[in-house]
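Shown here: coords_39.txt, compact mmCIF, N, CA and C atoms.
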# COMPACT_ATOMS: atom_id res chain seq x y z
N MET A 29 99.81 101.74 98.65
CA MET A 29 99.71 102.92 99.48
C MET A 29 98.25 103.37 99.52
N ILE A 30 97.80 103.77 100.70
CA ILE A 30 96.43 104.22 100.81
C ILE A 30 96.28 105.58 100.15
N ALA A 31 95.11 105.84 99.67
CA ALA A 31 94.84 107.15 99.09
C ALA A 31 94.58 108.12 100.24
N ILE A 32 95.31 109.19 100.24
CA ILE A 32 95.13 110.20 101.28
C ILE A 32 94.43 111.38 100.66
N GLN A 33 93.23 111.65 101.14
CA GLN A 33 92.47 112.78 100.65
C GLN A 33 92.92 114.01 101.39
N GLN A 34 93.47 114.94 100.64
CA GLN A 34 93.96 116.15 101.27
C GLN A 34 92.95 117.25 101.15
N GLN A 35 92.99 118.14 102.12
CA GLN A 35 92.09 119.26 102.12
C GLN A 35 92.82 120.54 101.74
N SER A 36 93.99 120.40 101.15
CA SER A 36 94.73 121.54 100.65
C SER A 36 95.26 121.17 99.27
N SER A 37 95.87 122.12 98.60
CA SER A 37 96.37 121.85 97.27
C SER A 37 97.82 121.37 97.29
N GLN A 38 98.38 121.12 98.48
CA GLN A 38 99.74 120.64 98.58
C GLN A 38 99.83 119.21 98.06
N PRO A 39 100.93 118.86 97.38
CA PRO A 39 101.11 117.46 97.01
C PRO A 39 101.44 116.64 98.25
N CYS A 40 101.11 115.36 98.22
CA CYS A 40 101.39 114.48 99.34
C CYS A 40 102.91 114.32 99.48
N PRO A 41 103.46 114.58 100.66
CA PRO A 41 104.91 114.45 100.84
C PRO A 41 105.32 112.99 100.88
N SER A 42 106.59 112.73 100.64
CA SER A 42 107.08 111.36 100.74
C SER A 42 107.26 111.00 102.21
N GLU A 43 107.30 109.72 102.47
CA GLU A 43 107.52 109.26 103.84
C GLU A 43 108.86 109.78 104.37
N LEU A 44 109.87 109.79 103.51
CA LEU A 44 111.18 110.27 103.93
C LEU A 44 111.12 111.75 104.30
N ASP A 45 110.41 112.55 103.51
CA ASP A 45 110.26 113.98 103.82
C ASP A 45 109.63 114.17 105.19
N VAL A 46 108.59 113.41 105.47
CA VAL A 46 107.91 113.53 106.76
C VAL A 46 108.84 113.09 107.88
N ALA A 47 109.52 111.97 107.70
CA ALA A 47 110.43 111.49 108.74
C ALA A 47 111.51 112.53 109.02
N MET A 48 112.11 113.07 108.00
CA MET A 48 113.19 114.04 108.19
C MET A 48 112.69 115.32 108.85
N ARG A 49 111.45 115.68 108.59
CA ARG A 49 110.88 116.89 109.18
C ARG A 49 110.69 116.75 110.69
N TYR A 50 110.42 115.52 111.17
CA TYR A 50 110.06 115.32 112.57
C TYR A 50 111.12 114.62 113.42
N LEU A 51 111.98 113.81 112.82
CA LEU A 51 112.97 113.08 113.61
C LEU A 51 113.80 114.01 114.49
N GLY A 52 113.96 113.62 115.73
CA GLY A 52 114.79 114.38 116.65
C GLY A 52 114.07 115.51 117.39
N LYS A 53 112.82 115.81 117.01
CA LYS A 53 112.07 116.84 117.73
C LYS A 53 111.85 116.34 119.15
N PRO A 54 111.85 117.23 120.12
CA PRO A 54 111.76 116.79 121.52
C PRO A 54 110.34 116.41 121.96
N TRP A 55 110.31 115.66 123.05
CA TRP A 55 109.08 115.28 123.73
C TRP A 55 108.53 116.49 124.47
N LYS A 56 107.21 116.62 124.48
CA LYS A 56 106.54 117.63 125.29
C LYS A 56 105.28 117.00 125.86
N ALA A 57 105.21 116.89 127.15
CA ALA A 57 104.02 116.32 127.79
C ALA A 57 102.81 117.20 127.50
N GLY A 58 101.69 116.57 127.24
CA GLY A 58 100.44 117.30 127.09
C GLY A 58 100.09 117.73 125.68
N GLY A 59 100.69 117.17 124.68
CA GLY A 59 100.25 117.49 123.32
C GLY A 59 101.34 117.89 122.39
N ARG A 60 101.15 119.08 121.79
CA ARG A 60 102.14 119.53 120.83
C ARG A 60 102.38 121.02 121.02
N GLY A 61 103.59 121.38 120.79
CA GLY A 61 103.99 122.78 120.85
C GLY A 61 104.55 123.16 119.50
N PRO A 62 105.24 124.24 119.42
CA PRO A 62 105.77 124.65 118.12
C PRO A 62 106.65 123.57 117.49
N ASP A 63 107.50 122.95 118.26
CA ASP A 63 108.37 121.90 117.73
C ASP A 63 108.62 120.80 118.75
N ALA A 64 107.65 120.50 119.60
CA ALA A 64 107.78 119.44 120.59
C ALA A 64 106.42 118.75 120.73
N PHE A 65 106.44 117.45 121.01
CA PHE A 65 105.21 116.66 120.94
C PHE A 65 105.16 115.58 122.01
N ASP A 66 103.93 115.10 122.29
CA ASP A 66 103.77 113.79 122.89
C ASP A 66 103.37 112.88 121.73
N CYS A 67 103.12 111.61 121.97
CA CYS A 67 102.86 110.70 120.85
C CYS A 67 101.60 111.07 120.07
N TYR A 68 100.54 111.40 120.78
CA TYR A 68 99.28 111.78 120.12
C TYR A 68 99.44 113.10 119.37
N GLY A 69 100.08 114.07 120.00
CA GLY A 69 100.29 115.37 119.36
C GLY A 69 101.11 115.24 118.09
N LEU A 70 102.09 114.34 118.08
CA LEU A 70 102.88 114.11 116.87
C LEU A 70 102.00 113.61 115.74
N CYS A 71 101.14 112.63 116.03
CA CYS A 71 100.25 112.08 114.99
C CYS A 71 99.36 113.17 114.41
N MET A 72 98.74 113.95 115.28
CA MET A 72 97.83 115.00 114.81
C MET A 72 98.58 116.09 114.04
N ASP A 73 99.81 116.42 114.47
CA ASP A 73 100.60 117.42 113.77
C ASP A 73 101.00 116.94 112.38
N ILE A 74 101.37 115.69 112.26
CA ILE A 74 101.73 115.13 110.95
C ILE A 74 100.54 115.21 110.02
N TYR A 75 99.36 114.82 110.50
CA TYR A 75 98.18 114.88 109.63
C TYR A 75 97.86 116.32 109.22
N GLN A 76 97.89 117.23 110.17
CA GLN A 76 97.51 118.61 109.87
C GLN A 76 98.59 119.35 109.09
N ASN A 77 99.83 119.30 109.54
CA ASN A 77 100.86 120.16 108.97
C ASN A 77 101.72 119.52 107.90
N ALA A 78 101.91 118.21 107.93
CA ALA A 78 102.72 117.56 106.90
C ALA A 78 101.85 117.02 105.76
N LEU A 79 100.66 116.48 106.11
CA LEU A 79 99.80 115.89 105.09
C LEU A 79 98.69 116.83 104.63
N GLY A 80 98.46 117.91 105.37
CA GLY A 80 97.43 118.87 104.99
C GLY A 80 96.02 118.37 105.21
N ILE A 81 95.84 117.49 106.20
CA ILE A 81 94.53 116.92 106.49
C ILE A 81 94.06 117.41 107.85
N ALA A 82 93.00 118.20 107.86
CA ALA A 82 92.43 118.65 109.12
C ALA A 82 91.50 117.57 109.63
N THR A 83 91.77 117.08 110.82
CA THR A 83 90.95 116.02 111.39
C THR A 83 90.03 116.60 112.45
N GLY A 84 88.74 116.32 112.32
CA GLY A 84 87.77 116.81 113.29
C GLY A 84 87.61 115.90 114.48
N HIS A 85 87.95 114.66 114.33
CA HIS A 85 87.86 113.68 115.41
C HIS A 85 89.22 113.01 115.54
N ASP A 86 89.56 112.63 116.75
CA ASP A 86 90.81 111.90 116.88
C ASP A 86 90.56 110.40 116.70
N PHE A 87 91.62 109.66 116.45
CA PHE A 87 91.48 108.23 116.19
C PHE A 87 91.07 107.47 117.43
N THR A 88 91.26 108.03 118.62
CA THR A 88 90.83 107.34 119.83
C THR A 88 89.32 107.33 119.95
N ALA A 89 88.64 108.31 119.34
CA ALA A 89 87.18 108.32 119.36
C ALA A 89 86.64 107.12 118.58
N PHE A 90 87.33 106.72 117.55
CA PHE A 90 86.94 105.53 116.79
C PHE A 90 86.88 104.33 117.72
N HIS A 91 87.91 104.17 118.49
CA HIS A 91 88.02 103.01 119.37
C HIS A 91 86.89 103.00 120.40
N ALA A 92 86.55 104.15 120.93
CA ALA A 92 85.55 104.23 121.98
C ALA A 92 84.12 104.10 121.46
N HIS A 93 83.86 104.50 120.25
CA HIS A 93 82.49 104.51 119.72
C HIS A 93 82.27 103.53 118.57
N ASP A 94 83.11 102.54 118.46
CA ASP A 94 83.01 101.53 117.40
C ASP A 94 82.99 102.13 116.00
N GLY A 95 83.53 103.30 115.84
CA GLY A 95 83.69 103.90 114.52
C GLY A 95 82.45 104.51 113.92
N THR A 96 81.37 104.64 114.64
CA THR A 96 80.12 105.08 114.04
C THR A 96 80.15 106.50 113.49
N LEU A 97 80.81 107.43 114.16
CA LEU A 97 80.86 108.81 113.68
C LEU A 97 82.29 109.29 113.46
N SER A 98 83.18 108.38 113.23
CA SER A 98 84.58 108.73 113.16
C SER A 98 85.07 108.95 111.74
N GLU A 99 86.13 109.73 111.63
CA GLU A 99 86.82 109.92 110.36
C GLU A 99 87.91 108.86 110.18
N TRP A 100 88.00 107.95 111.11
CA TRP A 100 89.05 106.93 111.10
C TRP A 100 88.44 105.55 110.94
N ARG A 101 89.12 104.72 110.17
CA ARG A 101 88.67 103.35 109.94
C ARG A 101 89.81 102.41 110.32
N LYS A 102 89.48 101.40 111.08
CA LYS A 102 90.46 100.39 111.45
C LYS A 102 90.78 99.56 110.22
N ILE A 103 92.08 99.31 109.99
CA ILE A 103 92.50 98.50 108.86
C ILE A 103 93.32 97.31 109.37
N VAL A 104 93.37 96.27 108.56
CA VAL A 104 94.02 95.03 108.99
C VAL A 104 95.54 95.12 108.88
N ARG A 105 96.02 95.68 107.80
CA ARG A 105 97.47 95.79 107.56
C ARG A 105 97.89 97.26 107.56
N PRO A 106 99.08 97.53 108.03
CA PRO A 106 99.53 98.92 108.04
C PRO A 106 99.76 99.44 106.63
N ALA A 107 99.53 100.72 106.46
CA ALA A 107 99.76 101.41 105.19
C ALA A 107 100.47 102.72 105.50
N PRO A 108 101.25 103.24 104.56
CA PRO A 108 101.96 104.49 104.82
C PRO A 108 101.04 105.58 105.36
N PHE A 109 101.51 106.21 106.42
CA PHE A 109 100.84 107.33 107.10
C PHE A 109 99.60 106.92 107.91
N CYS A 110 99.35 105.63 108.08
CA CYS A 110 98.24 105.27 108.96
C CYS A 110 98.70 105.46 110.41
N VAL A 111 97.74 105.63 111.30
CA VAL A 111 98.04 105.76 112.72
C VAL A 111 98.15 104.36 113.31
N VAL A 112 99.17 104.16 114.11
CA VAL A 112 99.40 102.89 114.78
C VAL A 112 99.08 103.09 116.26
N LEU A 113 98.08 102.38 116.75
CA LEU A 113 97.74 102.44 118.16
C LEU A 113 98.45 101.28 118.85
N MET A 114 99.22 101.61 119.88
CA MET A 114 100.03 100.62 120.58
C MET A 114 99.76 100.70 122.08
N ARG A 115 100.29 99.72 122.79
CA ARG A 115 100.24 99.72 124.25
C ARG A 115 101.65 99.42 124.73
N SER A 116 102.14 100.26 125.64
CA SER A 116 103.48 100.10 126.20
C SER A 116 103.39 100.15 127.71
N CYS A 117 103.75 99.09 128.35
CA CYS A 117 103.69 99.00 129.83
C CYS A 117 102.32 99.39 130.35
N GLY A 118 101.27 98.96 129.65
CA GLY A 118 99.90 99.21 130.07
C GLY A 118 99.33 100.55 129.66
N GLN A 119 100.13 101.41 129.05
CA GLN A 119 99.64 102.73 128.64
C GLN A 119 99.50 102.81 127.13
N ALA A 120 98.49 103.58 126.69
CA ALA A 120 98.27 103.79 125.26
C ALA A 120 99.42 104.60 124.68
N HIS A 121 99.76 104.28 123.45
CA HIS A 121 100.84 104.96 122.73
C HIS A 121 100.45 104.96 121.26
N ALA A 122 100.87 105.98 120.52
CA ALA A 122 100.49 106.08 119.11
C ALA A 122 101.66 106.57 118.28
N GLY A 123 101.62 106.24 117.01
CA GLY A 123 102.64 106.70 116.07
C GLY A 123 102.10 106.64 114.65
N ILE A 124 102.95 106.95 113.71
CA ILE A 124 102.60 106.95 112.28
C ILE A 124 103.42 105.88 111.59
N TRP A 125 102.75 105.03 110.81
CA TRP A 125 103.41 103.95 110.08
C TRP A 125 104.14 104.50 108.86
N LEU A 126 105.38 104.09 108.70
CA LEU A 126 106.16 104.38 107.50
C LEU A 126 106.69 103.05 106.98
N SER A 127 106.82 102.92 105.67
CA SER A 127 107.23 101.64 105.09
C SER A 127 108.74 101.46 105.00
N ALA A 128 109.52 102.44 105.40
CA ALA A 128 110.99 102.35 105.34
C ALA A 128 111.49 101.18 106.18
N ASP A 129 112.62 100.62 105.76
CA ASP A 129 113.25 99.51 106.50
C ASP A 129 112.28 98.39 106.82
N HIS A 130 111.48 97.99 105.85
CA HIS A 130 110.49 96.92 105.99
C HIS A 130 109.37 97.30 106.96
N GLY A 131 109.18 98.57 107.19
CA GLY A 131 108.08 99.05 108.01
C GLY A 131 108.48 99.38 109.43
N GLY A 132 107.83 100.42 109.94
CA GLY A 132 108.09 100.81 111.31
C GLY A 132 107.23 102.00 111.68
N VAL A 133 107.47 102.50 112.87
CA VAL A 133 106.62 103.54 113.44
C VAL A 133 107.45 104.78 113.77
N LEU A 134 106.97 105.92 113.29
CA LEU A 134 107.52 107.22 113.68
C LEU A 134 106.70 107.64 114.89
N HIS A 135 107.34 107.78 116.04
CA HIS A 135 106.60 108.09 117.27
C HIS A 135 107.46 108.92 118.19
N CYS A 136 106.82 109.51 119.20
CA CYS A 136 107.51 110.37 120.14
C CYS A 136 107.52 109.70 121.52
N VAL A 137 108.71 109.58 122.07
CA VAL A 137 108.90 108.85 123.32
C VAL A 137 109.50 109.79 124.36
N CYS A 138 108.95 109.76 125.55
CA CYS A 138 109.45 110.58 126.65
C CYS A 138 110.94 110.31 126.87
N GLY A 139 111.71 111.37 126.93
CA GLY A 139 113.15 111.24 127.15
C GLY A 139 113.96 111.04 125.89
N ARG A 140 113.30 110.72 124.77
CA ARG A 140 114.02 110.50 123.51
C ARG A 140 113.54 111.39 122.39
N GLY A 141 112.30 111.85 122.46
CA GLY A 141 111.75 112.66 121.38
C GLY A 141 111.24 111.81 120.24
N VAL A 142 111.19 112.38 119.04
CA VAL A 142 110.65 111.67 117.88
C VAL A 142 111.72 110.74 117.32
N ILE A 143 111.34 109.47 117.23
CA ILE A 143 112.24 108.43 116.72
C ILE A 143 111.49 107.56 115.72
N PHE A 144 112.23 106.80 114.93
CA PHE A 144 111.66 105.79 114.04
C PHE A 144 112.10 104.44 114.57
N THR A 145 111.13 103.56 114.79
CA THR A 145 111.42 102.22 115.30
C THR A 145 110.89 101.21 114.30
N THR A 146 111.77 100.35 113.79
CA THR A 146 111.37 99.34 112.82
C THR A 146 110.53 98.26 113.50
N THR A 147 109.80 97.48 112.70
CA THR A 147 109.01 96.39 113.27
C THR A 147 109.92 95.38 113.96
N GLU A 148 111.10 95.17 113.42
CA GLU A 148 112.05 94.24 114.05
C GLU A 148 112.44 94.76 115.44
N GLN A 149 112.71 96.05 115.54
CA GLN A 149 113.06 96.62 116.84
C GLN A 149 111.88 96.57 117.80
N LEU A 150 110.67 96.78 117.30
CA LEU A 150 109.47 96.73 118.15
C LEU A 150 109.30 95.37 118.80
N ARG A 151 109.71 94.31 118.09
CA ARG A 151 109.57 92.95 118.63
C ARG A 151 110.38 92.75 119.90
N HIS A 152 111.41 93.58 120.08
CA HIS A 152 112.29 93.44 121.24
C HIS A 152 112.02 94.50 122.31
N MET A 153 110.90 95.17 122.20
CA MET A 153 110.53 96.23 123.14
C MET A 153 109.21 95.86 123.81
N PRO A 154 108.92 96.47 124.95
CA PRO A 154 107.64 96.19 125.61
C PRO A 154 106.49 96.98 124.98
N ILE A 155 106.35 96.87 123.66
CA ILE A 155 105.29 97.58 122.93
C ILE A 155 104.48 96.56 122.15
N GLN A 156 103.17 96.60 122.32
CA GLN A 156 102.25 95.74 121.57
C GLN A 156 101.47 96.61 120.60
N ILE A 157 101.46 96.27 119.33
CA ILE A 157 100.62 96.98 118.37
C ILE A 157 99.21 96.44 118.51
N GLU A 158 98.26 97.34 118.74
CA GLU A 158 96.86 96.94 118.91
C GLU A 158 96.04 97.11 117.65
N ALA A 159 96.29 98.18 116.89
CA ALA A 159 95.46 98.44 115.71
C ALA A 159 96.10 99.48 114.82
N TYR A 160 95.65 99.46 113.56
CA TYR A 160 96.05 100.46 112.57
C TYR A 160 94.79 101.20 112.12
N TYR A 161 94.90 102.53 111.93
CA TYR A 161 93.76 103.32 111.53
C TYR A 161 94.14 104.21 110.33
N GLU A 162 93.23 104.30 109.38
CA GLU A 162 93.44 105.23 108.28
C GLU A 162 92.35 106.30 108.33
N HIS A 163 92.71 107.47 107.85
CA HIS A 163 91.77 108.59 107.81
C HIS A 163 90.91 108.44 106.55
N VAL A 164 89.61 108.57 106.68
CA VAL A 164 88.72 108.28 105.55
C VAL A 164 87.98 109.47 104.99
N LYS A 165 88.12 110.66 105.58
CA LYS A 165 87.40 111.82 105.02
C LYS A 165 88.36 112.80 104.44
Structure re-expressed in structure tokens:
Amino acid sequence: MIAIQQQSSQPCPSELDVAMRYLGKPWKAGGRGPDAFDCYGLCMDIYQNALGIATGHDFTAFHAHDGTLSEWRKIVRPAPFCVVLMRSCGQAHAGIWLSADHGGVLHCVCGRGVIFTTTEQLRHMPIQIEAYYEHVK
């Protein structure tokens, strides 16, 4: 498991705690609301509110600037709570990696809300995993 540096005194929650907190929350276009998200908003909310990590830059800035000023580092293998950058039908999509059921992604999908999709299920969907990112500050 990657070391997650927290900026609060809260203990790091378990993957199951995080999944249970978010599963079933509805989709909301344009980010995040009190209890509704798009895929990016879900990732940022998990980092800020579940993990206690305030992020000053988003993980997409890493991709655009080759990581020079980013708080995110591209990693080769997924680790719990890393951000998973994916592409679905030509559009960018993001989620949070959890190791449950041999690994999978907690993500928010239009029309379905927050779901957990195993790597086995991802193989049968039009989703390509492009990269994994961990927060480094």
- Query: Within 8 Å of (107.8, 109.7, 107.5), in the coordinates the file gives, what residues turn up when you count all atoms listed in the file, written out as number ranges by chain?
  - Reply: A: 41-51, 109, 124-128, 133-134
Write to file, as a short mmCIF file (atom, residue, chain, number, x, y, z; two decimals), in the coordinates of the input, the residues of the selection just made, with N, CA and C atoms.
data_model
loop_
_atom_site.label_atom_id
_atom_site.label_comp_id
_atom_site.auth_asym_id
_atom_site.auth_seq_id
_atom_site.Cartn_x
_atom_site.Cartn_y
_atom_site.Cartn_z
N PRO A 41 103.46 114.58 100.66
CA PRO A 41 104.91 114.45 100.84
C PRO A 41 105.32 112.99 100.88
N SER A 42 106.59 112.73 100.64
CA SER A 42 107.08 111.36 100.74
C SER A 42 107.26 111.00 102.21
N GLU A 43 107.30 109.72 102.47
CA GLU A 43 107.52 109.26 103.84
C GLU A 43 108.86 109.78 104.37
N LEU A 44 109.87 109.79 103.51
CA LEU A 44 111.18 110.27 103.93
C LEU A 44 111.12 111.75 104.30
N ASP A 45 110.41 112.55 103.51
CA ASP A 45 110.26 113.98 103.82
C ASP A 45 109.63 114.17 105.19
N VAL A 46 108.59 113.41 105.47
CA VAL A 46 107.91 113.53 106.76
C VAL A 46 108.84 113.09 107.88
N ALA A 47 109.52 111.97 107.70
CA ALA A 47 110.43 111.49 108.74
C ALA A 47 111.51 112.53 109.02
N MET A 48 112.11 113.07 108.00
CA MET A 48 113.19 114.04 108.19
C MET A 48 112.69 115.32 108.85
N ARG A 49 111.45 115.68 108.59
CA ARG A 49 110.88 116.89 109.18
C ARG A 49 110.69 116.75 110.69
N TYR A 50 110.42 115.52 111.17
CA TYR A 50 110.06 115.32 112.57
C TYR A 50 111.12 114.62 113.42
N LEU A 51 111.98 113.81 112.82
CA LEU A 51 112.97 113.08 113.61
C LEU A 51 113.80 114.01 114.49
N PHE A 109 101.51 106.21 106.42
CA PHE A 109 100.84 107.33 107.10
C PHE A 109 99.60 106.92 107.91
N ILE A 124 102.95 106.95 113.71
CA ILE A 124 102.60 106.95 112.28
C ILE A 124 103.42 105.88 111.59
N TRP A 125 102.75 105.03 110.81
CA TRP A 125 103.41 103.95 110.08
C TRP A 125 104.14 104.50 108.86
N LEU A 126 105.38 104.09 108.70
CA LEU A 126 106.16 104.38 107.50
C LEU A 126 106.69 103.05 106.98
N SER A 127 106.82 102.92 105.67
CA SER A 127 107.23 101.64 105.09
C SER A 127 108.74 101.46 105.00
N ALA A 128 109.52 102.44 105.40
CA ALA A 128 110.99 102.35 105.34
C ALA A 128 111.49 101.18 106.18
N VAL A 133 107.47 102.50 112.87
CA VAL A 133 106.62 103.54 113.44
C VAL A 133 107.45 104.78 113.77
N LEU A 134 106.97 105.92 113.29
CA LEU A 134 107.52 107.22 113.68
C LEU A 134 106.70 107.64 114.89
#
- Message: From a backbone DSSP assignment, name each residue in chain A labelled helix (DSSP H, G or I), as a PyMOL selection string.
- Response: chain A and resi 43-50+67-78+87-92+128-130+147-150
Would you write out those residues with N, CA and C atoms, as a tab-separated table (two decimals), in the coordinates of the input?
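Saved file again-v5.tsv follows:
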chain	number	residue	atom	x	y	z
A	43	GLU	N	107.30	109.72	102.47
A	43	GLU	CA	107.52	109.26	103.84
A	43	GLU	C	108.86	109.78	104.37
A	44	LEU	N	109.87	109.79	103.51
A	44	LEU	CA	111.18	110.27	103.93
A	44	LEU	C	111.12	111.75	104.30
A	45	ASP	N	110.41	112.55	103.51
A	45	ASP	CA	110.26	113.98	103.82
A	45	ASP	C	109.63	114.17	105.19
A	46	VAL	N	108.59	113.41	105.47
A	46	VAL	CA	107.91	113.53	106.76
A	46	VAL	C	108.84	113.09	107.88
A	47	ALA	N	109.52	111.97	107.70
A	47	ALA	CA	110.43	111.49	108.74
A	47	ALA	C	111.51	112.53	109.02
A	48	MET	N	112.11	113.07	108.00
A	48	MET	CA	113.19	114.04	108.19
A	48	MET	C	112.69	115.32	108.85
A	49	ARG	N	111.45	115.68	108.59
A	49	ARG	CA	110.88	116.89	109.18
A	49	ARG	C	110.69	116.75	110.69
A	50	TYR	N	110.42	115.52	111.17
A	50	TYR	CA	110.06	115.32	112.57
A	50	TYR	C	111.12	114.62	113.42
A	67	CYS	N	103.12	111.61	121.97
A	67	CYS	CA	102.86	110.70	120.85
A	67	CYS	C	101.60	111.07	120.07
A	68	TYR	N	100.54	111.40	120.78
A	68	TYR	CA	99.28	111.78	120.12
A	68	TYR	C	99.44	113.10	119.37
A	69	GLY	N	100.08	114.07	120.00
A	69	GLY	CA	100.29	115.37	119.36
A	69	GLY	C	101.11	115.24	118.09
A	70	LEU	N	102.09	114.34	118.08
A	70	LEU	CA	102.88	114.11	116.87
A	70	LEU	C	102.00	113.61	115.74
A	71	CYS	N	101.14	112.63	116.03
A	71	CYS	CA	100.25	112.08	114.99
A	71	CYS	C	99.36	113.17	114.41
A	72	MET	N	98.74	113.95	115.28
A	72	MET	CA	97.83	115.00	114.81
A	72	MET	C	98.58	116.09	114.04
A	73	ASP	N	99.81	116.42	114.47
A	73	ASP	CA	100.60	117.42	113.77
A	73	ASP	C	101.00	116.94	112.38
A	74	ILE	N	101.37	115.69	112.26
A	74	ILE	CA	101.73	115.13	110.95
A	74	ILE	C	100.54	115.21	110.02
A	75	TYR	N	99.36	114.82	110.50
A	75	TYR	CA	98.18	114.88	109.63
A	75	TYR	C	97.86	116.32	109.22
A	76	GLN	N	97.89	117.23	110.17
A	76	GLN	CA	97.51	118.61	109.87
A	76	GLN	C	98.59	119.35	109.09
A	77	ASN	N	99.83	119.30	109.54
A	77	ASN	CA	100.86	120.16	108.97
A	77	ASN	C	101.72	119.52	107.90
A	78	ALA	N	101.91	118.21	107.93
A	78	ALA	CA	102.72	117.56	106.90
A	78	ALA	C	101.85	117.02	105.76
A	87	PHE	N	91.62	109.66	116.45
A	87	PHE	CA	91.48	108.23	116.19
A	87	PHE	C	91.07	107.47	117.43
A	88	THR	N	91.26	108.03	118.62
A	88	THR	CA	90.83	107.34	119.83
A	88	THR	C	89.32	107.33	119.95
A	89	ALA	N	88.64	108.31	119.34
A	89	ALA	CA	87.18	108.32	119.36
A	89	ALA	C	86.64	107.12	118.58
A	90	PHE	N	87.33	106.72	117.55
A	90	PHE	CA	86.94	105.53	116.79
A	90	PHE	C	86.88	104.33	117.72
A	91	HIS	N	87.91	104.17	118.49
A	91	HIS	CA	88.02	103.01	119.37
A	91	HIS	C	86.89	103.00	120.40
A	92	ALA	N	86.55	104.15	120.93
A	92	ALA	CA	85.55	104.23	121.98
A	92	ALA	C	84.12	104.10	121.46
A	128	ALA	N	109.52	102.44	105.40
A	128	ALA	CA	110.99	102.35	105.34
A	128	ALA	C	111.49	101.18	106.18
A	129	ASP	N	112.62	100.62	105.76
A	129	ASP	CA	113.25	99.51	106.50
A	129	ASP	C	112.28	98.39	106.82
A	130	HIS	N	111.48	97.99	105.85
A	130	HIS	CA	110.49	96.92	105.99
A	130	HIS	C	109.37	97.30	106.96
A	147	THR	N	109.80	97.48	112.70
A	147	THR	CA	109.01	96.39	113.27
A	147	THR	C	109.92	95.38	113.96
A	148	GLU	N	111.10	95.17	113.42
A	148	GLU	CA	112.05	94.24	114.05
A	148	GLU	C	112.44	94.76	115.44
A	149	GLN	N	112.71	96.05	115.54
A	149	GLN	CA	113.06	96.62	116.84
A	149	GLN	C	111.88	96.57	117.80
A	150	LEU	N	110.67	96.78	117.30
A	150	LEU	CA	109.47	96.73	118.15
A	150	LEU	C	109.30	95.37	118.80
- Task: Rounded to one decimal place, report the atom CA of A:Gly52-atom CA of A:Val142 distance in Å.
- Result: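 It comes out at 5.1 Å.
Closest approach to A:Ser116 among A:Arg101, A:Lys56, A:Ile155, A:Ala64 is made by A:Ile155 (distances from all atoms listed in the file).
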- Please run DSSP on the backbone and report, as a PyMOL selection string, all residues within chain A that come out as strand (DSSP E or B). chain A and resi 55+60+65+100-103+111-116+119-126+132-137+141-146+155-163
Please provide the set of residues having any atom within 5 Å of A:Val111, restricted to all atoms listed in the file, with same-chain residues fewer than 4 positions apart removed, written as a PDB file with N, CA and C atoms, keeping the file's coordinate frame.
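Writing done, so here's result-v4.pdb:
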ATOM      1  N   GLY A 123     101.620 106.240 117.010  1.00  0.00           N
ATOM      2  CA  GLY A 123     102.640 106.700 116.070  1.00  0.00           C
ATOM      3  C   GLY A 123     102.100 106.640 114.650  1.00  0.00           C
ATOM      4  N   ILE A 124     102.950 106.950 113.710  1.00  0.00           N
ATOM      5  CA  ILE A 124     102.600 106.950 112.280  1.00  0.00           C
ATOM      6  C   ILE A 124     103.420 105.880 111.590  1.00  0.00           C
ATOM      7  N   TYR A 160      95.650  99.460 113.560  1.00  0.00           N
ATOM      8  CA  TYR A 160      96.050 100.460 112.570  1.00  0.00           C
ATOM      9  C   TYR A 160      94.790 101.200 112.120  1.00  0.00           C
ATOM     10  N   TYR A 161      94.900 102.530 111.930  1.00  0.00           N
ATOM     11  CA  TYR A 161      93.760 103.320 111.530  1.00  0.00           C
ATOM     12  C   TYR A 161      94.140 104.210 110.330  1.00  0.00           C
TER      13      TYR A 161
END
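Nearest residue to A:Leu70, choosing from A:Thr145, A:Asp129, A:Ala159, A:Cys136 and counting all atoms listed in the file: A:Cys136.
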- Item | Computed interatomic separation between atom CA of A:Ala82 and atom CA of A:His130 (Å) |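 Taking atom CA of A:Ala82 as the start and atom CA of A:His130 as the end point, the length is 28.4 Å.
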- Query: Quick one: distance from atom C of A:Pro154 to atom C of A:Arg115 in Å, one decimal?
  - Reply: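 Spanning atom C of A:Pro154 to atom C of A:Arg115 is a straight-line distance of 5.4 Å.
Comparing the minimum interatomic distances between A:Pro106 and each of A:Ile81, A:Cys138, A:Gly132, A:Gln149, counting only C-alpha atoms, we find that A:Gly132 sits nearest.
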- Message: Ranking A:Leu113, A:Asp63, A:Ala122, A:Phe144 by minimum distance to A:Gln156 and counting all atoms listed in the file, which one comes first?
- Response: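 Of all the options, A:Leu113 lies closest to A:Gln156.
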